[in-house]
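In what follows, a single structure is set out as structure tokens and then discussed.
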Amino acid sequence: MSEFIFDAHLDLSMNALEWNRDLRWPIDEIRRSEQGMTDKPDRGYNTVSFDAMRKGNIGLCVATQIARYVKKENPLPGWNSPQQAWAQTQGQLAWYKAMEDVGELTQITNWEELNSHLEYWKSTNDPKKTIGYILSLEGADSIVSIDYLEKSYEAGLRAIGPAHYGPGTYAFGTDSSGGIGQKGKELLKEIERLNLILDATHLCDQSFWETMDIYSGPVWASHNNCRAFVDHNRQFSDEQIKELVGRGAVIGVVLDAWMMVPNWVRGQSTPNGMNCSLQQMADNIDHICQIAGNTDHVGIGTDLDGGFGTEQCPMDLDTIADLQKVPTLLKNRGYDEKDIEKIFHLNFLNFLKKTWK
């Protein structure tokens with residue numbers, strides 16, 4: 001019997017709209033359609049489709065909206081105004097709704113909907129059963145002004161990361177440094193008022209600690225690994241992990257190779273050459289469990305097809321369905337069935353129960 005999986009971070013709409021992938025196609029069909037394309041480094045190497053999710057028993061995920069607003073001095077790719085970024089996220093929302101209309105996805109916004117989806121997934125043998133998704137915003141720059149957050153909440157948004165890469169409107173993200181400022185404080189206050197889940201992923205160290213000082217609502221980290229293995233600001237230090245554990249957070253372990261093995265060089269390193277495998281995923285899971293002293297604060301947040309494919313993920317993973325190899329790796333390390341159940345879905349489900357009930 002395969003393990004039911006909750007994946008806390010998938011950029012589904014980004015793949016549909018920016019990569020022009022029809023996720024209703026099987027993996028090999030998407031790969032074939034991209035042969036010879038060179039506009040993005042992961043062309044022909046995708047790992048996620050609805051079919052592959054069903055095969056891997058991934059019946060529930062946190063699915064993102066993502067659109068970075070970049071100021072003129074920011075060299076990162078993105079939109080030139082927050083209004084354009086907002087419009088991009090609304091296009092992504094429209095795609096999720098279109099997928100609901102054809103029975104591929106169902107949006108989950110509260111505990112009753114979550115419970116009934118879990119019952120449905122358990123009791124249905126339909127090979128094309130509907131996948132549940134919880135809407136999250138990765139980086140808050142598309143929130144033009146604070147009142148836009150309530151609009152997003154009304155459209156089903158239930159989690160939000162204040163920053164992504166670089167300096168943002170509300171906080172500083174990966175590869176930048178700075179605090180959250182007045183706008184960031186206002187955003188955190190509104191996140192708390194709406195009972196949205198704050199996603200601590202991507203916050204730079206200063207913004208992370210300033211956020212922890214003033215925010216007391218629900219917090220998780222959808223896709224983050226440990227700095228103990230890859231010494232880079234994108235990963236959490238042991239102190240940050242302890243802080244999140246103390247707040248009842250769950251940390252989703254991520255499968256982007258550069259966050260799994262040290263000294264990865266994008267575009268040059270290969271998973272085989274760097275010996276990057278699902279064992280490193282197990283290492284990160286185990287490290288968080290050792291810090292917590294239990295198995296209650298770690299989950300799965302793969303980020304698969306988040307701008308990379310099989311060229312930059314574990315060598316023993318061909319599609320997202322291969323997550324089903326991980327329970328055996330954990331059993332070999334002494335984790336029992338109950339622990340594995342917690343890591344693969346229960347920890348995030350218990351977090352949502354506590355947040356939403």
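Identifiers in this document derive from the order of the structure tokens: chains are assigned A, B, ..., residues are numbered from 1 separately in each chain, and ligands are numbered from 1 in order of occurrence.
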
>> So that I can check the surroundings of Asn46 in chain A, please list as number ranges by chain every protein, DNA and RNA residue that reaches within 9 Å of it, counting only C-alpha atoms and ignoring chain neighbours fewer than 6 positions away.
In response: A: 27-28, 30-31, 304-305, 308-310, 318-319

So that I have them on file, write out the residues from the current selection with all heavy atoms, as a CSV table (one decimal), in the first residue's frame.
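New file result_5.csv:
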chain,number,residue,atom,x,y,z
A,27,ILE,N,3.7,12.6,-18.2
A,27,ILE,CA,5.0,13.2,-18.2
A,27,ILE,C,5.7,13.0,-19.5
A,27,ILE,O,6.3,14.0,-20.1
A,27,ILE,CB,5.9,12.5,-17.1
A,27,ILE,CG1,5.3,12.8,-15.7
A,27,ILE,CG2,7.3,12.8,-17.2
A,27,ILE,CD1,5.7,14.2,-15.1
A,28,ASP,N,5.7,11.8,-20.1
A,28,ASP,CA,6.5,11.5,-21.3
A,28,ASP,C,5.9,12.4,-22.5
A,28,ASP,O,6.7,12.8,-23.4
A,28,ASP,CB,6.6,10.0,-21.6
A,28,ASP,CG,5.2,9.4,-21.8
A,28,ASP,OD1,4.2,10.1,-21.5
A,28,ASP,OD2,5.1,8.2,-22.2
A,30,ILE,N,4.6,15.4,-22.2
A,30,ILE,CA,5.1,16.8,-22.0
A,30,ILE,C,6.5,16.8,-22.4
A,30,ILE,O,7.0,17.8,-23.1
A,30,ILE,CB,4.9,17.2,-20.5
A,30,ILE,CG1,3.4,17.3,-20.1
A,30,ILE,CG2,5.5,18.6,-20.3
A,30,ILE,CD1,3.2,17.5,-18.6
A,31,ARG,N,7.3,15.8,-22.0
A,31,ARG,CA,8.7,15.8,-22.4
A,31,ARG,C,8.9,15.8,-23.9
A,31,ARG,O,9.8,16.5,-24.4
A,31,ARG,CB,9.4,14.6,-21.7
A,31,ARG,CG,9.6,14.8,-20.2
A,31,ARG,CD,10.3,13.5,-19.6
A,31,ARG,NE,10.4,13.7,-18.2
A,31,ARG,CZ,10.8,12.7,-17.4
A,31,ARG,NH1,11.1,11.5,-17.8
A,31,ARG,NH2,10.9,12.9,-16.1
A,304,LEU,N,9.2,20.4,-6.8
A,304,LEU,CA,9.5,19.8,-8.1
A,304,LEU,C,8.9,20.6,-9.2
A,304,LEU,O,7.8,21.1,-9.1
A,304,LEU,CB,9.0,18.4,-8.1
A,304,LEU,CG,9.9,17.4,-7.3
A,304,LEU,CD1,9.2,16.0,-7.3
A,304,LEU,CD2,11.3,17.2,-7.9
A,305,ASP,N,9.7,20.8,-10.3
A,305,ASP,CA,9.4,21.6,-11.4
A,305,ASP,C,9.3,23.1,-11.1
A,305,ASP,O,8.6,23.8,-11.7
A,305,ASP,CB,8.1,21.1,-12.2
A,305,ASP,CG,8.4,19.7,-12.9
A,305,ASP,OD1,9.5,19.2,-12.8
A,305,ASP,OD2,7.4,19.2,-13.4
A,308,PHE,N,13.2,23.8,-12.3
A,308,PHE,CA,14.2,22.7,-12.6
A,308,PHE,C,13.5,21.4,-12.8
A,308,PHE,O,12.3,21.3,-12.4
A,308,PHE,CB,15.2,22.6,-11.4
A,308,PHE,CG,14.5,22.2,-10.1
A,308,PHE,CD1,14.6,20.8,-9.7
A,308,PHE,CD2,13.8,23.1,-9.3
A,308,PHE,CE1,13.9,20.4,-8.6
A,308,PHE,CE2,13.2,22.6,-8.1
A,308,PHE,CZ,13.3,21.3,-7.8
A,309,GLY,N,14.2,20.5,-13.4
A,309,GLY,CA,13.6,19.1,-13.6
A,309,GLY,C,14.6,18.1,-13.2
A,309,GLY,O,15.4,18.3,-12.3
A,310,THR,N,14.6,17.0,-14.0
A,310,THR,CA,15.5,15.8,-13.6
A,310,THR,C,17.0,16.2,-13.7
A,310,THR,O,17.8,15.5,-13.1
A,310,THR,CB,15.2,14.6,-14.4
A,310,THR,OG1,15.3,14.9,-15.8
A,310,THR,CG2,13.8,14.0,-14.1
A,318,ASP,N,12.5,10.0,-11.1
A,318,ASP,CA,12.2,10.4,-12.5
A,318,ASP,C,11.0,11.2,-12.6
A,318,ASP,O,10.9,12.1,-13.4
A,318,ASP,CB,12.0,9.1,-13.3
A,318,ASP,CG,11.7,9.4,-14.8
A,318,ASP,OD1,12.5,10.1,-15.4
A,318,ASP,OD2,10.7,8.8,-15.3
A,319,THR,N,10.0,10.9,-11.8
A,319,THR,CA,8.8,11.7,-11.7
A,319,THR,C,8.4,11.8,-10.2
A,319,THR,O,9.0,11.1,-9.3
A,319,THR,CB,7.6,11.1,-12.4
A,319,THR,OG1,7.0,10.0,-11.6
A,319,THR,CG2,7.9,10.5,-13.7

> Which residues, written as number ranges by chain, have at least one atom at most 10 Å from range 120-126 of chain A, with only C-alpha atoms counted and residues fewer than 6 positions away on the same chain left out?
Replying inline: A: 4, 57-60, 114, 132

>> For Ile285 in chain A, find every residue with an atom within 8 Å (counting only C-alpha atoms), except residues of its own chain fewer than 4 positions away, and show them as a PyMOL selection string.
In response: chain A and resi 253+281+289+298-299

>> Considering only strand (DSSP E) as DSSP defines it on the backbone, what residues of range 2-220 of chain A qualify? List them as JSON, numbers by chain.
In response: {"A": [5, 6, 7, 8, 9, 10, 58, 59, 60, 61, 62, 63, 64, 65, 105, 106, 107, 131, 132, 133, 134, 135, 136, 137, 138, 157, 158, 159, 160, 161, 197, 198, 199, 219, 220]}

Serialized selection, C-alpha atoms, as a PDB file, in the first residue's frame:
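Final output, saved to part-v1.pdb:
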ATOM      1  CA  ILE A   5       1.356  12.215   0.370  1.00  0.00           C
ATOM      2  CA  PHE A   6       0.709  15.884   1.086  1.00  0.00           C
ATOM      3  CA  ASP A   7       3.205  17.953  -0.933  1.00  0.00           C
ATOM      4  CA  ALA A   8       3.422  21.408   0.649  1.00  0.00           C
ATOM      5  CA  HIS A   9       4.928  23.190  -2.359  1.00  0.00           C
ATOM      6  CA  LEU A  10       4.205  22.808  -6.078  1.00  0.00           C
ATOM      7  CA  ILE A  58      -0.158  12.664  -3.913  1.00  0.00           C
ATOM      8  CA  GLY A  59      -3.780  13.557  -3.334  1.00  0.00           C
ATOM      9  CA  LEU A  60      -3.236  16.929  -1.734  1.00  0.00           C
ATOM     10  CA  CYS A  61      -0.781  19.777  -2.234  1.00  0.00           C
ATOM     11  CA  VAL A  62      -0.107  23.409  -1.531  1.00  0.00           C
ATOM     12  CA  ALA A  63      -0.155  25.008  -4.974  1.00  0.00           C
ATOM     13  CA  THR A  64       1.295  28.432  -5.597  1.00  0.00           C
ATOM     14  CA  GLN A  65       0.673  31.705  -7.261  1.00  0.00           C
ATOM     15  CA  LEU A 105      -8.391  19.878  -9.010  1.00  0.00           C
ATOM     16  CA  THR A 106     -10.528  20.904  -6.066  1.00  0.00           C
ATOM     17  CA  GLN A 107      -9.709  23.906  -3.910  1.00  0.00           C
ATOM     18  CA  ILE A 131      -6.459  16.299  -6.513  1.00  0.00           C
ATOM     19  CA  GLY A 132      -6.955  18.735  -3.633  1.00  0.00           C
ATOM     20  CA  TYR A 133      -4.988  21.979  -3.520  1.00  0.00           C
ATOM     21  CA  ILE A 134      -4.513  24.742  -0.948  1.00  0.00           C
ATOM     22  CA  LEU A 135      -3.640  28.092  -2.524  1.00  0.00           C
ATOM     23  CA  SER A 136      -0.447  29.844  -1.423  1.00  0.00           C
ATOM     24  CA  LEU A 137       1.293  33.007  -2.624  1.00  0.00           C
ATOM     25  CA  GLU A 138       5.078  32.701  -2.955  1.00  0.00           C
ATOM     26  CA  LEU A 157      -5.634  32.143  -0.529  1.00  0.00           C
ATOM     27  CA  ARG A 158      -4.657  30.389   2.703  1.00  0.00           C
ATOM     28  CA  ALA A 159      -0.846  30.764   2.972  1.00  0.00           C
ATOM     29  CA  ILE A 160       1.656  33.456   2.006  1.00  0.00           C
ATOM     30  CA  GLY A 161       5.428  33.935   1.964  1.00  0.00           C
ATOM     31  CA  ILE A 197      -0.545  30.806   7.325  1.00  0.00           C
ATOM     32  CA  LEU A 198       2.753  32.653   7.161  1.00  0.00           C
ATOM     33  CA  ASP A 199       5.304  30.743   5.057  1.00  0.00           C
ATOM     34  CA  VAL A 219       3.639  29.698  10.621  1.00  0.00           C
ATOM     35  CA  TRP A 220       5.114  26.895   8.513  1.00  0.00           C
TER      36      TRP A 220
END

>> So that I can see what lies close to Tyr69 in chain A, please list as a list in words the residues with an atom at most 8 Å from it, counting only C-alpha atoms and leaving out residues fewer than 2 positions away in the same chain.
In response: Ala67, Lys71, Gly78, Trp79, Asn80, Ser81, Pro82, Gln84, Ala85, Asp141, Ser142 and Gly168 of chain A

Preceding selection exported with all heavy atoms as an mmCIF file, in the first residue's frame:
data_model
loop_
_atom_site.group_PDB
_atom_site.id
_atom_site.type_symbol
_atom_site.label_atom_id
_atom_site.label_comp_id
_atom_site.auth_asym_id
_atom_site.auth_seq_id
_atom_site.Cartn_x
_atom_site.Cartn_y
_atom_site.Cartn_z
ATOM 1 N N ALA A 67 4.540 35.676 -8.693
ATOM 2 C CA ALA A 67 4.854 36.723 -9.668
ATOM 3 C C ALA A 67 5.676 37.791 -8.947
ATOM 4 O O ALA A 67 5.163 38.488 -8.078
ATOM 5 C CB ALA A 67 3.589 37.331 -10.258
ATOM 6 N N LYS A 71 12.043 46.108 -8.975
ATOM 7 C CA LYS A 71 12.340 47.526 -9.207
ATOM 8 C C LYS A 71 13.462 47.638 -10.226
ATOM 9 O O LYS A 71 14.187 46.676 -10.474
ATOM 10 C CB LYS A 71 12.735 48.178 -7.880
ATOM 11 C CG LYS A 71 11.568 48.216 -6.902
ATOM 12 C CD LYS A 71 11.948 48.795 -5.564
ATOM 13 C CE LYS A 71 10.728 48.774 -4.641
ATOM 14 N NZ LYS A 71 11.038 49.034 -3.267
ATOM 15 N N GLY A 78 11.386 39.442 -13.599
ATOM 16 C CA GLY A 78 10.115 39.686 -12.918
ATOM 17 C C GLY A 78 9.305 40.744 -13.635
ATOM 18 O O GLY A 78 9.647 41.155 -14.749
ATOM 19 N N TRP A 79 8.244 41.194 -13.002
ATOM 20 C CA TRP A 79 7.329 42.174 -13.584
ATOM 21 C C TRP A 79 7.733 43.577 -13.142
ATOM 22 O O TRP A 79 8.209 43.780 -12.026
ATOM 23 C CB TRP A 79 5.894 41.852 -13.171
ATOM 24 C CG TRP A 79 5.510 40.474 -13.607
ATOM 25 C CD1 TRP A 79 5.528 39.332 -12.844
ATOM 26 C CD2 TRP A 79 5.138 40.066 -14.924
ATOM 27 N NE1 TRP A 79 5.174 38.251 -13.598
ATOM 28 C CE2 TRP A 79 4.923 38.662 -14.883
ATOM 29 C CE3 TRP A 79 4.955 40.744 -16.131
ATOM 30 C CZ2 TRP A 79 4.527 37.929 -15.998
ATOM 31 C CZ3 TRP A 79 4.560 40.010 -17.253
ATOM 32 C CH2 TRP A 79 4.354 38.628 -17.173
ATOM 33 N N ASN A 80 7.494 44.560 -14.006
ATOM 34 C CA ASN A 80 7.966 45.917 -13.741
ATOM 35 C C ASN A 80 7.042 46.745 -12.866
ATOM 36 O O ASN A 80 7.374 47.870 -12.501
ATOM 37 C CB ASN A 80 8.221 46.651 -15.066
ATOM 38 C CG ASN A 80 9.444 46.084 -15.776
ATOM 39 O OD1 ASN A 80 10.365 45.594 -15.131
ATOM 40 N ND2 ASN A 80 9.447 46.121 -17.099
ATOM 41 N N SER A 81 5.892 46.205 -12.550
ATOM 42 C CA SER A 81 5.016 46.916 -11.603
ATOM 43 C C SER A 81 4.263 45.885 -10.770
ATOM 44 O O SER A 81 4.034 44.760 -11.231
ATOM 45 C CB SER A 81 4.008 47.796 -12.347
ATOM 46 O OG SER A 81 3.010 47.003 -12.975
ATOM 47 N N PRO A 82 3.870 46.268 -9.541
ATOM 48 C CA PRO A 82 3.087 45.334 -8.730
ATOM 49 C C PRO A 82 1.745 45.000 -9.377
ATOM 50 O O PRO A 82 1.227 43.904 -9.208
ATOM 51 C CB PRO A 82 2.900 46.057 -7.392
ATOM 52 C CG PRO A 82 3.433 47.425 -7.546
ATOM 53 C CD PRO A 82 4.224 47.494 -8.804
ATOM 54 N N GLN A 84 1.193 44.588 -12.603
ATOM 55 C CA GLN A 84 1.433 43.506 -13.570
ATOM 56 C C GLN A 84 1.604 42.168 -12.845
ATOM 57 O O GLN A 84 1.093 41.138 -13.293
ATOM 58 C CB GLN A 84 2.687 43.812 -14.395
ATOM 59 C CG GLN A 84 2.510 44.886 -15.455
ATOM 60 C CD GLN A 84 3.855 45.354 -15.974
ATOM 61 O OE1 GLN A 84 4.523 46.189 -15.356
ATOM 62 N NE2 GLN A 84 4.274 44.812 -17.103
ATOM 63 N N ALA A 85 2.332 42.216 -11.735
ATOM 64 C CA ALA A 85 2.529 40.982 -10.954
ATOM 65 C C ALA A 85 1.184 40.468 -10.437
ATOM 66 O O ALA A 85 0.901 39.262 -10.491
ATOM 67 C CB ALA A 85 3.497 41.240 -9.798
ATOM 68 N N ASP A 141 5.006 40.378 -3.273
ATOM 69 C CA ASP A 141 5.141 41.629 -4.036
ATOM 70 C C ASP A 141 3.955 41.947 -4.932
ATOM 71 O O ASP A 141 3.760 43.094 -5.324
ATOM 72 C CB ASP A 141 6.409 41.588 -4.907
ATOM 73 C CG ASP A 141 7.668 41.681 -4.070
ATOM 74 O OD1 ASP A 141 7.541 41.973 -2.874
ATOM 75 O OD2 ASP A 141 8.755 41.467 -4.612
ATOM 76 N N SER A 142 3.169 40.940 -5.282
ATOM 77 C CA SER A 142 2.002 41.187 -6.134
ATOM 78 C C SER A 142 0.818 41.742 -5.327
ATOM 79 O O SER A 142 -0.202 42.111 -5.907
ATOM 80 C CB SER A 142 1.585 39.896 -6.846
ATOM 81 O OG SER A 142 1.237 38.912 -5.889
ATOM 82 N N GLY A 168 12.334 42.567 -1.480
ATOM 83 C CA GLY A 168 10.927 42.672 -1.856
ATOM 84 C C GLY A 168 10.284 43.895 -1.232
ATOM 85 O O GLY A 168 10.909 44.636 -0.474
#

>> Quick one: residues within 8 Å of Val261 in chain A, only C-alpha atoms, excluding same-chain residues fewer than 2 positions away - as a ChimeraX atom specification?
In response: /A:229-230,257-259,263-264,274,276,280

I need the residues from that last selection saved to file as a PDB file, in the first residue's frame (with all heavy atoms), if you can.
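Output (again_34.pdb):
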ATOM      1  N   PHE A 229      23.761  21.014   6.108  1.00  0.00           N
ATOM      2  CA  PHE A 229      24.250  20.239   4.956  1.00  0.00           C
ATOM      3  C   PHE A 229      24.706  21.123   3.798  1.00  0.00           C
ATOM      4  O   PHE A 229      25.659  20.794   3.100  1.00  0.00           O
ATOM      5  CB  PHE A 229      23.166  19.277   4.459  1.00  0.00           C
ATOM      6  CG  PHE A 229      22.717  18.290   5.495  1.00  0.00           C
ATOM      7  CD1 PHE A 229      21.401  18.272   5.948  1.00  0.00           C
ATOM      8  CD2 PHE A 229      23.614  17.373   6.041  1.00  0.00           C
ATOM      9  CE1 PHE A 229      20.986  17.366   6.911  1.00  0.00           C
ATOM     10  CE2 PHE A 229      23.208  16.463   7.004  1.00  0.00           C
ATOM     11  CZ  PHE A 229      21.893  16.454   7.447  1.00  0.00           C
ATOM     12  N   VAL A 230      23.981  22.211   3.559  1.00  0.00           N
ATOM     13  CA  VAL A 230      24.352  23.150   2.483  1.00  0.00           C
ATOM     14  C   VAL A 230      24.378  24.540   3.102  1.00  0.00           C
ATOM     15  O   VAL A 230      23.342  25.110   3.443  1.00  0.00           O
ATOM     16  CB  VAL A 230      23.342  23.088   1.305  1.00  0.00           C
ATOM     17  CG1 VAL A 230      23.692  24.136   0.247  1.00  0.00           C
ATOM     18  CG2 VAL A 230      23.342  21.695   0.677  1.00  0.00           C
ATOM     19  N   ALA A 257      18.309  20.084  -6.233  1.00  0.00           N
ATOM     20  CA  ALA A 257      19.620  19.500  -5.930  1.00  0.00           C
ATOM     21  C   ALA A 257      20.598  20.483  -5.292  1.00  0.00           C
ATOM     22  O   ALA A 257      21.380  20.103  -4.424  1.00  0.00           O
ATOM     23  CB  ALA A 257      20.231  18.921  -7.206  1.00  0.00           C
ATOM     24  N   TRP A 258      20.545  21.754  -5.706  1.00  0.00           N
ATOM     25  CA  TRP A 258      21.536  22.691  -5.138  1.00  0.00           C
ATOM     26  C   TRP A 258      21.298  22.938  -3.654  1.00  0.00           C
ATOM     27  O   TRP A 258      22.196  23.356  -2.935  1.00  0.00           O
ATOM     28  CB  TRP A 258      21.566  24.007  -5.930  1.00  0.00           C
ATOM     29  CG  TRP A 258      20.531  25.032  -5.568  1.00  0.00           C
ATOM     30  CD1 TRP A 258      19.320  25.218  -6.165  1.00  0.00           C
ATOM     31  CD2 TRP A 258      20.624  26.030  -4.540  1.00  0.00           C
ATOM     32  NE1 TRP A 258      18.643  26.254  -5.574  1.00  0.00           N
ATOM     33  CE2 TRP A 258      19.431  26.777  -4.570  1.00  0.00           C
ATOM     34  CE3 TRP A 258      21.597  26.363  -3.592  1.00  0.00           C
ATOM     35  CZ2 TRP A 258      19.173  27.832  -3.696  1.00  0.00           C
ATOM     36  CZ3 TRP A 258      21.340  27.420  -2.721  1.00  0.00           C
ATOM     37  CH2 TRP A 258      20.147  28.144  -2.778  1.00  0.00           C
ATOM     38  N   MET A 259      20.084  22.615  -3.178  1.00  0.00           N
ATOM     39  CA  MET A 259      19.784  22.733  -1.747  1.00  0.00           C
ATOM     40  C   MET A 259      20.021  21.425  -1.005  1.00  0.00           C
ATOM     41  O   MET A 259      19.826  21.338   0.196  1.00  0.00           O
ATOM     42  CB  MET A 259      18.337  23.176  -1.555  1.00  0.00           C
ATOM     43  CG  MET A 259      18.066  24.580  -2.047  1.00  0.00           C
ATOM     44  SD  MET A 259      16.418  25.125  -1.561  1.00  0.00           S
ATOM     45  CE  MET A 259      15.573  25.115  -3.119  1.00  0.00           C
ATOM     46  N   ASN A 263      28.151  22.742  -2.990  1.00  0.00           N
ATOM     47  CA  ASN A 263      28.996  23.049  -4.170  1.00  0.00           C
ATOM     48  C   ASN A 263      28.353  22.722  -5.508  1.00  0.00           C
ATOM     49  O   ASN A 263      29.036  22.504  -6.504  1.00  0.00           O
ATOM     50  CB  ASN A 263      30.363  22.330  -4.065  1.00  0.00           C
ATOM     51  CG  ASN A 263      31.040  22.610  -2.740  1.00  0.00           C
ATOM     52  OD1 ASN A 263      31.091  23.754  -2.300  1.00  0.00           O
ATOM     53  ND2 ASN A 263      31.519  21.567  -2.083  1.00  0.00           N
ATOM     54  N   TRP A 264      27.031  22.686  -5.547  1.00  0.00           N
ATOM     55  CA  TRP A 264      26.341  22.472  -6.817  1.00  0.00           C
ATOM     56  C   TRP A 264      26.529  23.708  -7.703  1.00  0.00           C
ATOM     57  O   TRP A 264      26.337  24.836  -7.246  1.00  0.00           O
ATOM     58  CB  TRP A 264      24.851  22.238  -6.569  1.00  0.00           C
ATOM     59  CG  TRP A 264      24.080  21.975  -7.836  1.00  0.00           C
ATOM     60  CD1 TRP A 264      23.578  22.902  -8.708  1.00  0.00           C
ATOM     61  CD2 TRP A 264      23.732  20.687  -8.377  1.00  0.00           C
ATOM     62  NE1 TRP A 264      22.938  22.284  -9.749  1.00  0.00           N
ATOM     63  CE2 TRP A 264      23.012  20.926  -9.579  1.00  0.00           C
ATOM     64  CE3 TRP A 264      23.950  19.371  -7.974  1.00  0.00           C
ATOM     65  CZ2 TRP A 264      22.520  19.892 -10.372  1.00  0.00           C
ATOM     66  CZ3 TRP A 264      23.457  18.347  -8.758  1.00  0.00           C
ATOM     67  CH2 TRP A 264      22.757  18.601  -9.945  1.00  0.00           C
ATOM     68  N   MET A 274      27.228  14.496  -8.711  1.00  0.00           N
ATOM     69  CA  MET A 274      27.278  15.014  -7.337  1.00  0.00           C
ATOM     70  C   MET A 274      26.723  14.013  -6.328  1.00  0.00           C
ATOM     71  O   MET A 274      26.594  14.317  -5.149  1.00  0.00           O
ATOM     72  CB  MET A 274      26.484  16.324  -7.249  1.00  0.00           C
ATOM     73  CG  MET A 274      27.027  17.442  -8.121  1.00  0.00           C
ATOM     74  SD  MET A 274      28.685  17.980  -7.639  1.00  0.00           S
ATOM     75  CE  MET A 274      28.310  19.055  -6.262  1.00  0.00           C
ATOM     76  N   CYS A 276      23.741  13.059  -5.883  1.00  0.00           N
ATOM     77  CA  CYS A 276      22.540  13.627  -5.259  1.00  0.00           C
ATOM     78  C   CYS A 276      21.389  12.635  -5.403  1.00  0.00           C
ATOM     79  O   CYS A 276      20.977  12.300  -6.516  1.00  0.00           O
ATOM     80  CB  CYS A 276      22.177  14.958  -5.933  1.00  0.00           C
ATOM     81  SG  CYS A 276      20.667  15.672  -5.250  1.00  0.00           S
ATOM     82  N   GLN A 280      19.652  12.168   0.534  1.00  0.00           N
ATOM     83  CA  GLN A 280      19.831  13.502   1.136  1.00  0.00           C
ATOM     84  C   GLN A 280      18.509  14.070   1.647  1.00  0.00           C
ATOM     85  O   GLN A 280      18.482  14.828   2.609  1.00  0.00           O
ATOM     86  CB  GLN A 280      20.462  14.486   0.140  1.00  0.00           C
ATOM     87  CG  GLN A 280      21.973  14.365   0.055  1.00  0.00           C
ATOM     88  CD  GLN A 280      22.409  13.534  -1.128  1.00  0.00           C
ATOM     89  OE1 GLN A 280      21.612  13.066  -1.922  1.00  0.00           O
ATOM     90  NE2 GLN A 280      23.711  13.337  -1.251  1.00  0.00           N
TER      91      GLN A 280
END

> Taking the backbone alone, and naming residues the way the document does, which bits of range 88-267 of chain A are alpha helix (DSSP H) by DSSP, as an MDAnalysis selection string?
Replying inline: chainID A and resid 88:101 111:123 147:154 181:193 205:214 238:246

> Closest to Thr47 in chain A among A:Ile66, A:Leu12, A:Ala228, A:Leu93, using only C-alpha atoms?
Replying inline: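 Between A:Ile66, A:Leu12, A:Ala228, A:Leu93, the residue approaching Thr47 in chain A most closely is A:Leu12.
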
>> With distances taken over only C-alpha atoms, which residue among A:Asp238, A:Glu29, A:Glu112, A:Glu190 lies nearest Ser49 in chain A?
In response: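 Nearest candidate to Ser49 in chain A out of A:Asp238, A:Glu29, A:Glu112, A:Glu190: A:Glu29.
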
> Looking at A:Met14, A:Met315, A:Gly166, A:Phe50, which one is nearest to Pro77 in chain A, with distances taken over only C-alpha atoms?
Replying inline: A:Gly166

> Looking at only C-alpha atoms, which of A:Glu210, A:Asp175, A:Asp286, A:Glu113 is the one that sits closest to Leu352 in chain A?
Replying inline: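 Closest to Leu352 in chain A of all the choices is A:Glu113.
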
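Among the candidates A:Thr38, A:Asn224, A:Thr130, A:Asn233, the residue lying nearest to Phe172 in chain A is A:Asn233 (atoms considered: only C-alpha atoms).
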
> In terms of the shortest atom-to-atom distance over only C-alpha atoms, which of A:Pro26, A:Gly334, A:Pro167, A:Gly36 is closest to Val70 in chain A?
Replying inline: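 That would be A:Pro167, the residue with the smallest distance to Val70 in chain A.
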
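Look at Ser216 in chain A: the protein and nucleic acid residues within 12 Å of it, using only C-alpha atoms and passing over chain neighbours fewer than 2 places away, are Leu188, Lys189, Glu190, Ile191, Glu192, Arg193, Asn195, Leu196, Ile197, Leu198, Glu210, Thr211, Met212, Asp213, Ile214, Pro218, Val219, Leu244, Gly246, Arg247, Gly248 and Ala249 of chain A.
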
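Note that CA of Asn332 in chain A and CA of Met1 in chain A are 17.6 Å apart.
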
>> Using only C-alpha atoms, which protein or nucleic acid residues come within 9 Å of Asn347 in chain A? Drop anything in the same chain fewer than 6 positions from it, and give the result as a ChimeraX atom specification.
In response: /A:250,295-299,341

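Straight-line separation from CA of Met260 in chain A to CA of Gly293 in chain A: 22.1 Å.
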